[in-house]
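Take a look at the structure below.
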Number of protein chains: 4
Amino acid sequence: MGKIHEACGVFGIYDNDGLDVVSAAYYALNGLQHRGQESAGIAVNDGGVITGHSDAGLANEVFTDTALRMLPKGSMALGHVMYGTLSGNSRMDVQPIIVNHIKGNLALAHNGALTNAAELRRGLENNGMIFRSTSDCELISSIIVRERLGKGSIEDAVSAAMNILEGAYSLVIMSPTKMLAARDPFGFRPLCIGKIKDSFVFASESSGLDSIGAEFLRDVKPGEIVVADKNGLRSIEGLCSKKNALCVFEFVYFARPDSVIDGSSVHNARRRAGAFLALDHPVMADVVIGVPDSGIDAAIGYSQQSGIPYGLGFIKNKYIGRTFIQPVQTDRENKVRIKLNPVADTVKGKRVVLVDDSIVRGTTCARIVNLLREAGAKEVHMRVSSPPFLYPCYFGTDIKSRDILIAANHTEDEIKDILGVDSLGYMSVENIKKIASNTKVGFCTGCFTGKYPCNVPECEVRNKYSEKIK
Amino acid sequence: MGKIHEACGVFGIYDNDGLDVVSAAYYALNGLQHRGQESAGIAVNDGGVITGHSDAGLANEVFTDTALRMLPKGSMALGHVMYGTLSGNSRMDVQPIIVNHIKGNLALAHNGALTNAAELRRGLENNGMIFRSTSDCELISSIIVRERLGKGSIEDAVSAAMNILEGAYSLVIMSPTKMLAARDPFGFRPLCIGKIKDSFVFASESSGLDSIGAEFLRDVKPGEIVVADKNGLRSIEGLCSKKNALCVFEFVYFARPDSVIDGSSVHNARRRAGAFLALDHPVMADVVIGVPDSGIDAAIGYSQQSGIPYGLGFIKNKYIGRTFIQPVQTDRENKVRIKLNPVADTVKGKRVVLVDDSIVRGTTCARIVNLLREAGAKEVHMRVSSPPFLYPCYFGTDIKSRDILIAANHTEDEIKDILGVDSLGYMSVENIKKIASNTKVGFCTGCFTGKYPCNVPECEVRNKYSEKIK
Amino acid sequence: MGKIHEACGVFGIYDNDGLDVVSAAYYALNGLQHRGQESAGIAVNDGGVITGHSDAGLANEVFTDTALRMLPKGSMALGHVMYGTLSGNSRMDVQPIIVNHIKGNLALAHNGALTNAAELRRGLENNGMIFRSTSDCELISSIIVRERLGKGSIEDAVSAAMNILEGAYSLVIMSPTKMLAARDPFGFRPLCIGKIKDSFVFASESSGLDSIGAEFLRDVKPGEIVVADKNGLRSIEGLCSKKNALCVFEFVYFARPDSVIDGSSVHNARRRAGAFLALDHPVMADVVIGVPDSGIDAAIGYSQQSGIPYGLGFIKNKYIGRTFIQPVQTDRENKVRIKLNPVADTVKGKRVVLVDDSIVRGTTCARIVNLLREAGAKEVHMRVSSPPFLYPCYFGTDIKSRDILIAANHTEDEIKDILGVDSLGYMSVENIKKIASNTKVGFCTGCFTGKYPCNVPECEVRNKYSEKIK
Amino acid sequence: MGKIHEACGVFGIYDNDGLDVVSAAYYALNGLQHRGQESAGIAVNDGGVITGHSDAGLANEVFTDTALRMLPKGSMALGHVMYGTLSGNSRMDVQPIIVNHIKGNLALAHNGALTNAAELRRGLENNGMIFRSTSDCELISSIIVRERLGKGSIEDAVSAAMNILEGAYSLVIMSPTKMLAARDPFGFRPLCIGKIKDSFVFASESSGLDSIGAEFLRDVKPGEIVVADKNGLRSIEGLCSKKNALCVFEFVYFARPDSVIDGSSVHNARRRAGAFLALDHPVMADVVIGVPDSGIDAAIGYSQQSGIPYGLGFIKNKYIGRTFIQPVQTDRENKVRIKLNPVADTVKGKRVVLVDDSIVRGTTCARIVNLLREAGAKEVHMRVSSPPFLYPCYFGTDIKSRDILIAANHTEDEIKDILGVDSLGYMSVENIKKIASNTKVGFCTGCFTGKYPCNVPECEVRNKYSEKIK
């Protein structure tokens with residue numbers, strides 16, 4: 001539906017209560033599924049032996065009765081959901097990755113993207129490593145394993161690896177006896193810690209905790225390693241600093257509204273975004289509607305701030321499957337219409353404020369506006385709860401080049417015409433940094449400004465990388 | 001999730017443009033899927049030969065690539081989605097039903113429930129008919145076929161059958177050369193007519209038209225038969241009267257908000273219901289939230305009328321599959337929590353107005369209230385956009401006995417305590433009749449009043465019937 | 001592979017020992033699967049309530065773990081495997097058929113074909129019956145149910161029905177409290193009785209008993225009804241006569257070699273057929289080979305009689321699935337080659353006697369001969385263990401018209417040339433009647449002689465019927 | 001069914017004719033499926049980009065319509081079928097393996113087992129390699145890739161790798177532009193070259209060529225590397241020697257009878273084995289039968305030599321699926337009976353010579369003998385077409401320890417009693433070397449004699465290895 005996509009969601013559980021860790025991972029992945037719908041995997045640690053199952057599909061498709069029965073009972077489990085076009089050899093890329101090495105074994109689930117991947121890969125290959133996939137996950141696991149060979153513990157190996165890795169990574173790592181969570185020093189991607197009875201849980205978002213009834217303890221700090229083992233939880237903070245750069249899109253679009261990330265409610269941040277929009281781009285109108293599901297929260301915020309009533313603008317068809325069957329009328333129907341139907345009563349004859357979280361290519365947005373016009377909207381005022389998208393992202397989303405970005409290639413006036421709206425208002429870069437009121441970490445706004453918090457890959461490599469995440 | 005359930009959704013297309021009727025039926029069923037998620041079927045008429053495929057599951061599960069490829073191209077198609085616990089021999093009950101009789105063949109899709117089914121069945125059996133299922137659909141098809149044997153046309157047969165059938169039925173019927181839509185004289189269930197290019201379409205709701213880009217023409221009138229054949233559309237109105245009794249729950253809960261039924265917007269009716277609630281049961285509060293998905297519209301209406309801000313109260317997990325896997329903690333988790341997670345930011349420390357469309361058993365509702373309390377709601381004021389449910393329904397829903405109805409067995413005060421709410425306000429029977437402002441048909445409110453628009457089955461039969469629809 | 005096909009295999013179990021009747025039906029269907037590979041079904045009687053599951057596919061495909069789990073434990077079960085091209089509405093034709101009637105319910109599995117189906121169908125339709133399928137099975141169940149309404153017991157109803165039904169039928173019938181087996185007075189199709197502990201079993205062939213470790217008791221006699229209920233087994237022999245006409249192709253091709261039918265070993269009958277061939281059509285040769293699987297037994301018999309060594313002529317690829325994927329070289333490969341590969345060592349430079357059980361169209365046979373030539377066979381002498389196929393069959397196989405029969409349209413000399421063989425010898429009609437040495441029932445040899453043991457449908461109807469079993 | 005198992009079958013095609021290489025690989029895997037039924041995979045080279053699909057299951061289960069459609073058209077393809085219990089992380093072990101390395105990419109399919117795997121693995125790990133699986137295949141690919149980094153071509157890399165690898169390996173390797181076949185200097189496992197039009201094909205056995213209509217050219221010589229590229233075929237014979245040691249079990253059991261390996265017909269070799277048995281272990285008897293499928297050929301040979309008639313002893317149920325459902329009577333049925341049913345007519349009252357290719361544990365064999373006794377056999381004389389199995393195999397089969405071998409733990413008299421036979425005769429080691437009359441390569445008979453053609457792993461490592469192939 002014309003959105004940017006997050007790469008992944010990760011989950012881990014270290015059991016101290018005789019819980020069913022596979023069931024926990026399964027339900028947690030359901031609560032993190034919005035972070036990646038193309039593959040799902042679970043790895044289980046049963047007395048130090050790590051086995052797993054993963055495949056293309058939603059968690060509830062991959063983990064059939066039979067698939068769940070084939071996994072052992074264990075005392076630790078790792079889970080992963082992934083976005084990423086699966087084709088050809090890509091099953092090799094499915095996570096969690098499980099590695100057998102000279103000192104034991106290891107499973108790893110990763111969310112993010114390294115900025116020095118090409119360089120690291122080249123270095124390892126020159127030193128004898130042979131990769132089976134092109135994934136960062138295999139690369140990270142190789143670095144950790146290499147460090148492990150010269151270190152006394154897995155946490156020392158992860159510490160050492162974190163001195164080597166650059167870019168965005170939120171990791172959950174399972175060794176024969178320990179479960180670790182680690183977050184890159186910038187904290188690009190979220191990662192939090194929960195507790196269920198006396199057992200410990202790590203998840204990309206608190207929605208992964210809620211879905212198994214676990215209690216939220218706190219976020220993993222940028223640069224921190226948290227170790228769960230038989231002695232409980234402990235923290236290694238060697239790489240923690242103050243130069244954080246949480247991806248602001250986690251608040252704008254990726255995370256689930258009921259999650260709390262780095263101290264701020266996602267829903268609240270989106271409502272605040274809507275309020276900022278209402279303050280910066282007021283308009284005389286009759287109703288405020290949001291594009292489901294991600295524009296709803298900001299629309300509510302816009303409505304509350306502006307006093308213009310909130311309305312139900314669209315019904316999203318939740319039953320549409322992923323098979324694409326030839327539609328009846330190729331000229332009139334399209335994927336947008338099949339997925340979204342406007343509620344005519346809400347918009348007919350009205351001046352409508354349409355709130356969405358972002359505009360990437362603009363194509364989907366133009367179609368949505370057209371649906372409103374057909375349903376009788378008199379005016380359509382587009383409000384976007386993020387600034388114009390101008391630069392590629394190197395930290396784990398699928399925006400690979402400026403070519404596809406409407407804002408990078410058109411003026412706002414042109415965009416207004418392309419979308420067919422009566423007015424257009426974007427969130428300012430200044431305000432977007434303020435939406436998460438309680439969050440003390442800084443934000444990465446590189447995709448809006450081109451100013452990234454750390455080095456990004458060289459141009460040539462960039463293209464290579466682009467190919468990969470295509 | 002503790003709701004009453006509609007039985008079915010029906011669809012038919014008579015092609016005059018070389019459209020792909022199978023694809024049309026497939027997409028239309030996606031747009032009607034909310035009316036029944038347990039089975040889906042399509043029958044195709046290819047030069048007078050009728051074949052079909054149907055099975056348990058959502059339309060997108062039943063109609064895989066392979067299943068669609070196996071259906072012939074045709075010039076007419078019938079579609080059906082059904083609610084109803086599938087077990088044992090029930091595959092026989094899956095619709096559309098296809099019948100081969102002495103004068104040709106017939107396919108039929110039905111939404112509703114007959115009140116004289118037991119009597120008709122007994123009569124036919126005494127006269128030589130042997131049924132393979134216990135469904136009303138097979139019964140109706142038998143009566144139409146028997147009438148057909150003595151009549152000159154399928155429309156005459158349907159007319160004659162309508163003099164015999166009592167109760168609720170919205171039918172789409174496919175003969176070798178014609179497509180018919182018929183609605184019982186009370187018009188208990190909706191049925192509408194659409195047009196796509198020069199082809200004609202029938203669907204339970206306009207959402208089934210929208211999902212294929214068809215234009216809404218009008219509703220089938222209660223008691224009317226509409227015939228689509230090579231001469232176009234024509235109407236037989238012999239049984240039309242003014243004593244209509246559309247099920248008011250179509251507006252309250254069953255239909256999709258973007259549908260328009262008998263002249264009124266469903267979304268608008270629900271918003272009006274919310275407004276009536278706000279007028280009748282005002283309360284001092286900070287936020288109005290709805291139980292997704294069906295309580296959202298009325299919550300918006302309550303908010304607009306009362307001026308209390310509308311908020312996003314819950315996130316519904318749309319990825320949860322139907323496999324039920326043992327949850328992690330049996331004491332704390334339950335199906336409600338796994339499906340619904342409150343947005344703490346919206347309710348924490350707030351006085352919350354919680355709007356839902358109905359209360360059946362009360363169990364689910366009590367759990368939802370509890371979730372809000374856990375999330376920090378200071379007060380919870382329950383508002384229900386339908387009157388107390390006191391009597392069984394005989395017209396196509398699954399409320400089979402008073403025993404399970406909380407309102408039939410407790411006072412409002414008791415219910416307030418059972419739900420754990422600070423106040424409780426139901427819609428009045430008087431007001432619910434006014435929610436669909438443009439609808440000229442009358443409403444059936446039998447489930448609230450016990451006063452049904454026509455005879456209902458005797459007690460003993462009632463129980464039998466109850467068994468059937470269990 | 002160019003063969004005639006049997007219609008069906010049937011099975012029933014009446015449990016007195018707490019056996020798992022679903023498991024018994026499942027394994028028995030595996031042992032009867034050679035009689036029909038296109039669909040499989042099981043119906044279970046659990047305290048008088050009959051439910052079932054059936055679908056297109058082999059028994060082990062239809063009855064997955066999940067499908068088996070969904071069936072209830074019960075005290076009786078019925079099983080059915082079917083040959084027949086499945087398309088469109090054909091799921092309605094899948095057996096066992098389950099019927100709910102005014103006096104109870106009934107499940108029925110049928111093997112055979114009625115010769116007065118068209119007439120009976122017309123009669124019932126004129127008297128109010130409406131059929132959902134075109135199958136004999138639904139027709140038979142309707143007649144039994146109609147008779148049941150006026151009779152005191154299911155066995156009386158079946159007796160009465162047998163006075164109405166004409167043609168071939170081996171039935172297993174399950175009422176709420178009884179299991180019945182019935183065979184038409186000519187005994188066209190086999191049906192036998194077994195015992196496992198104190199429980200009773202019916203099966204088309206003894207291979208169905210062996211596969212569950214049941215003991216063979218005896219065959220159901222032509223014209224007999226056998227009833228299993230709480231009083232044990234009892235027999236109703238009112239329609240038994242001496243004019244039997246067992247289909248001789250049961251011995252020649254349909255049955256499994258390890259089965260014993262009406263007193264004779266199938267393998268022994270085939271070996272005897274081979275011996276007769278050797279006596280009537282001797283030839284100087286180096287090796288005798290059979291076309292797998294059905295020609296093997298007769299080849300062994302030919303070898304034993306002639307003294308020419310038996311050899312392994314072909315390897316049959318048992319892993320080829322039913323998906324047809326485009327082969328690599330369309331000119332050289334074909335389905336025959338992919339399925340069968342000659343063992344060059346056996347035939348190279350040799351004079352080969354090639355034994356097969358029958359020739360229908362001749363196309364497959366010609367390709368097999370060609371494979372032998374390519375593998376280096378010096379001479380190929382074809383011996384066929386059945387007489388020339390000259391007339392259609394009306395009793396449950398798929399030979400619907402003379403047009404496709406090579407022997408009905410060519411002289412033996414022409415056939416020899418078409419097949420590309422050096423000599424050709426058919427079994428004589430006289431000898432084929434002698435192959436089953438211990439069988440006291442007579443044989444139907446209508447397909448060889450055109451003289452059928454009973455009336456066959458009129459020409460016009462014949463064609464209609466032909467259409468059906470196409 | 002109590003047999004030893006081959007590890008794998010391999011296939012490769014280099015297209016020069018615009019053939020559909022995926023279809024070729026699919027059909028070839030069907031023709032090699034008997035070498036491994038637990039997983040199947042295909043890798044395709046499309047303009048230097050290698051992608052693939054592999055999974056647990058038969059080729060026709062893994063390669064559904066959809067799976068085949070997802071593979072690209074290409075100009076080279078590699079195929080692999082594998083035996084090996086799949087569990088946990090084993091999907092990582094599924095072949096062909098695809099590797100992305102610094103100089104390009106590589107796909108590899110392997111049949112065999114290295115004897116220095118543990119040592120090589122340790123060495124590589126000490127030098128920076130991290131393995132994701134415990135398979136020889138990943139190890140071999142790593143060694144080839146490491147050699148490739150310092151060499152000018154893939155064939156030089158493979159040559160260099162072959163100086164490092166010890167044990168049994170028949171490889172097919174696909175580089176961006178070339179297809180290579182390589183066989184270890186002892187030639188433990190077969191590998192042959194075929195031609196289809198102007199395209200080149202490699203396959204474990206000629207049955208893989210026959211199934212796509214390819215012409216057999218010759219075997220790959222032990223120690224030879226054959227390269228197919230745009231210049232045609234060429235051979236590198238640096239490692240060829242005269243000390244060959246083809247696994248004699250390829251002739252006895254693994255290969256398909258219609259295959260020709262290293263110059264000898266497999267069927268002929270088995271018939272000769274039967275003849276040797278008849279000469280060494282004559283007996284007065286009435287019929288010779290073989291255990292299907294592998295004992296049939298030797299039984300024919302025994303019959304031809306002895307003059308005792310060959311008979312059809314058993315029917316094997318080819319429809320039994322892999323799901324194991326609880327049988328009906330646990331005391332009487334077992335997997336053997338469900339799979340095999342004796343043909344009573346052949347054995348009743350007879351003195352039976354029962355020929356099988358080998359006895360491993362003896363359990364299955366004893367059950368088969370018991371089935372014959374129950375079917376009425378008067379005497380059972382067991383003849384085994386291979387010598388007693390006394391030592392483990394290190395070259396690619398699943399016989400991991402002496403503990404399970406009946407012959408290693410009992411005298412022949414004891415075995416006779418355990419099996420319940422009247423006499424027992426094994427093939428002699430001397431004669432088994434003579435069965436393949438035209439084969440010029442020598443044989444490995446280590447499993448009979450404990451004298452292996454090369455070093456085998458140390459005891460401790462042996463156990464480790466055993467664990468692996470469990």
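The way I read the labels, and the way they are meant: chains A, B, ... in the order of the structure tokens, residue 1 as the first residue of every chain, and ligand 1 as the first ligand shown, with later ones counted on from there.
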
Original post:
What residues in chain D have any atom no more than 12 Å from chain B when counting only C-alpha atoms, and can you write them as a list in words?
Top reply: Thr64, Asp65 and Thr66 of chain D

For C-alpha atoms, I'd like the residues from the last selection saved as an mmCIF file, in the first residue's frame.
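Resulting contents of part-v3.cif:
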data_model
loop_
_atom_site.group_PDB
_atom_site.id
_atom_site.type_symbol
_atom_site.label_atom_id
_atom_site.label_comp_id
_atom_site.auth_asym_id
_atom_site.auth_seq_id
_atom_site.Cartn_x
_atom_site.Cartn_y
_atom_site.Cartn_z
ATOM 1 C CA THR D 64 4.338 -28.085 -6.473
ATOM 2 C CA ASP D 65 3.091 -26.002 -9.376
ATOM 3 C CA THR D 66 3.694 -22.891 -7.337
#

**OP:** Could you find all residues in region 22-230 of chain A that DSSP calls alpha helix (DSSP H) from the backbone, and write them as an NGL selection string?
**Re:** :A and (22-32 or 59-62 or 65-70 or 117-126 or 136-150 or 154-162 or 206-210)

List the spatial neighbours of Ala160 (chain D) as a PDB file with C-alpha atoms, in the first residue's frame - criterion: any atom at most 12 Å away, only C-alpha atoms, same-chain residues fewer than 2 positions off excluded.
ATOM      1  CA  ILE D 140      33.119 -29.390   0.812  1.00  0.00           C
ATOM      2  CA  ILE D 143      37.008 -26.009   0.855  1.00  0.00           C
ATOM      3  CA  ILE D 144      36.270 -25.471  -2.807  1.00  0.00           C
ATOM      4  CA  VAL D 145      35.549 -21.782  -2.229  1.00  0.00           C
ATOM      5  CA  ARG D 146      38.762 -21.300  -0.225  1.00  0.00           C
ATOM      6  CA  GLU D 147      40.747 -22.951  -2.970  1.00  0.00           C
ATOM      7  CA  ARG D 148      38.909 -20.883  -5.541  1.00  0.00           C
ATOM      8  CA  LEU D 149      40.181 -17.677  -3.943  1.00  0.00           C
ATOM      9  CA  GLY D 150      43.756 -18.578  -4.846  1.00  0.00           C
ATOM     10  CA  LYS D 151      43.090 -20.258  -8.166  1.00  0.00           C
ATOM     11  CA  GLY D 152      42.227 -19.069 -11.637  1.00  0.00           C
ATOM     12  CA  SER D 153      39.246 -21.291 -12.295  1.00  0.00           C
ATOM     13  CA  ILE D 154      36.633 -23.385 -10.614  1.00  0.00           C
ATOM     14  CA  GLU D 155      38.098 -26.571 -12.089  1.00  0.00           C
ATOM     15  CA  ASP D 156      41.481 -25.758 -10.561  1.00  0.00           C
ATOM     16  CA  ALA D 157      39.742 -25.146  -7.260  1.00  0.00           C
ATOM     17  CA  VAL D 158      37.941 -28.475  -7.424  1.00  0.00           C
ATOM     18  CA  MET D 162      40.092 -33.166  -4.203  1.00  0.00           C
ATOM     19  CA  ASN D 163      43.627 -33.358  -2.874  1.00  0.00           C
ATOM     20  CA  ILE D 164      42.252 -32.400   0.510  1.00  0.00           C
ATOM     21  CA  LEU D 165      39.017 -34.350   0.672  1.00  0.00           C
ATOM     22  CA  ILE D 225      36.595 -34.080 -13.055  1.00  0.00           C
ATOM     23  CA  ILE D 236      40.636 -33.618 -15.966  1.00  0.00           C
ATOM     24  CA  GLY D 238      44.874 -35.982 -12.624  1.00  0.00           C
ATOM     25  CA  LEU D 239      43.558 -38.023  -9.714  1.00  0.00           C
TER      26      LEU D 239
END

**OP:** Tell me which protein, DNA and RNA residues are within 12 Å of Phe254 (chain C), counting only C-alpha atoms, leaving out same-chain ones fewer than 4 positions away, and put them as a PyMOL selection string.
**Re:** chain C and resi 3-9+32-36+83+189-190+204-205+247-250+258-259+261+266-267+270+293-295+357-358+396-397

Expected file contents, prior selection, C-alpha atoms, as a compact mmCIF listing (two decimals), in the first residue's frame:
# COMPACT_ATOMS: atom_id res chain seq x y z
CA LYS C 3 -6.59 -49.19 -18.88
CA ILE C 4 -10.25 -49.74 -18.14
CA HIS C 5 -11.13 -48.61 -14.66
CA GLU C 6 -13.17 -50.04 -11.86
CA ALA C 7 -15.52 -47.60 -10.24
CA CYS C 8 -15.09 -48.12 -6.54
CA GLY C 9 -14.11 -49.93 -3.38
CA LEU C 32 -8.64 -51.04 -1.42
CA GLN C 33 -7.11 -47.94 -2.98
CA HIS C 34 -6.24 -49.77 -6.22
CA ARG C 35 -10.01 -49.88 -6.93
CA GLY C 36 -10.24 -46.07 -7.14
CA TYR C 83 -12.47 -43.62 -9.61
CA ARG C 189 -18.93 -56.85 -8.13
CA PRO C 190 -17.25 -58.66 -5.24
CA SER C 204 -14.89 -55.17 -1.65
CA GLU C 205 -11.89 -57.47 -1.55
CA CYS C 247 -17.31 -59.48 -13.78
CA VAL C 248 -14.41 -61.58 -15.07
CA PHE C 249 -12.25 -58.44 -15.16
CA GLU C 250 -12.16 -58.52 -11.38
CA ASP C 258 -3.40 -61.24 -3.02
CA SER C 259 -7.20 -61.04 -2.83
CA ILE C 261 -12.79 -63.52 -4.59
CA VAL C 266 -6.83 -63.66 -7.95
CA HIS C 267 -3.13 -64.34 -8.42
CA ARG C 270 -4.02 -64.70 -13.48
CA ASP C 293 1.76 -54.24 -12.31
CA SER C 294 -1.18 -56.08 -13.80
CA GLY C 295 0.61 -58.22 -16.40
CA ASP C 357 -3.96 -58.14 -19.23
CA SER C 358 -5.89 -56.22 -21.85
CA GLY C 396 -19.45 -50.10 -13.30
CA THR C 397 -16.39 -49.62 -15.48

**OP:** Would you list the contacts of region 363-374 of chain D as a PyMOL selection string, taking every protein, DNA or RNA residue within 10 Å and counting only C-alpha atoms, but skipping same-chain residues closer than 4 positions in sequence?
**Re:** chain D and resi 1-3+291+313-314+334-337+340-344+346-349+352+354+356+358-359+378-382+406+415-421

**OP:** Among the residues of region 260-469 of chain A, find those DSSP assigns to strand (DSSP E or B) from the backbone and print them as a PyMOL selection string.
**Re:** chain A and resi 260-261+264-265+287-290+310+314-316+340-342+351-356+379-384+397+423-426+443-444

**OP:** Fewer than 5 positions away in the same chain doesn't count, so skip those; otherwise give me all residues within 7 Å of Val220 (chain C), counting only C-alpha atoms, as a VMD selection string.
**Re:** chain C and resid 183 191 to 193

Name all residues at most 12 Å from Glu119 (chain B) (count only C-alpha atoms; drop same-chain ones fewer than 2 positions away) and give them as a PDB file with C-alpha atoms, in the first residue's frame.
ATOM      1  CA  LEU B 114     -37.572 -20.028   7.834  1.00  0.00           C
ATOM      2  CA  THR B 115     -40.083 -20.121  10.662  1.00  0.00           C
ATOM      3  CA  ASN B 116     -42.077 -22.960   9.132  1.00  0.00           C
ATOM      4  CA  ALA B 117     -39.082 -25.105   8.202  1.00  0.00           C
ATOM      5  CA  ARG B 121     -39.761 -30.461   5.863  1.00  0.00           C
ATOM      6  CA  ARG B 122     -42.177 -32.925   7.386  1.00  0.00           C
ATOM      7  CA  GLY B 123     -44.623 -32.318   4.568  1.00  0.00           C
ATOM      8  CA  LEU B 124     -42.062 -32.860   1.846  1.00  0.00           C
ATOM      9  CA  GLU B 125     -40.682 -35.955   3.487  1.00  0.00           C
ATOM     10  CA  ASN B 126     -44.167 -37.388   3.722  1.00  0.00           C
ATOM     11  CA  ASP B 136     -33.124 -24.328   5.106  1.00  0.00           C
ATOM     12  CA  LEU B 139     -35.511 -27.116   1.852  1.00  0.00           C
ATOM     13  CA  ILE B 164     -45.271 -21.267   1.014  1.00  0.00           C
ATOM     14  CA  LEU B 165     -42.110 -20.059   2.737  1.00  0.00           C
ATOM     15  CA  GLU B 166     -42.460 -18.171   6.023  1.00  0.00           C
ATOM     16  CA  VAL B 456     -42.547 -18.021  15.264  1.00  0.00           C
ATOM     17  CA  PRO B 457     -42.053 -21.753  15.767  1.00  0.00           C
ATOM     18  CA  GLU B 458     -43.811 -23.539  18.625  1.00  0.00           C
ATOM     19  CA  VAL B 461     -39.978 -27.069  17.544  1.00  0.00           C
ATOM     20  CA  ARG B 462     -38.131 -24.057  18.823  1.00  0.00           C
ATOM     21  CA  TYR B 465     -34.445 -25.663  15.786  1.00  0.00           C
TER      22      TYR B 465
ATOM     23  CA  ILE C 102     -37.847 -38.698   8.406  1.00  0.00           C
TER      24      ILE C 102
END
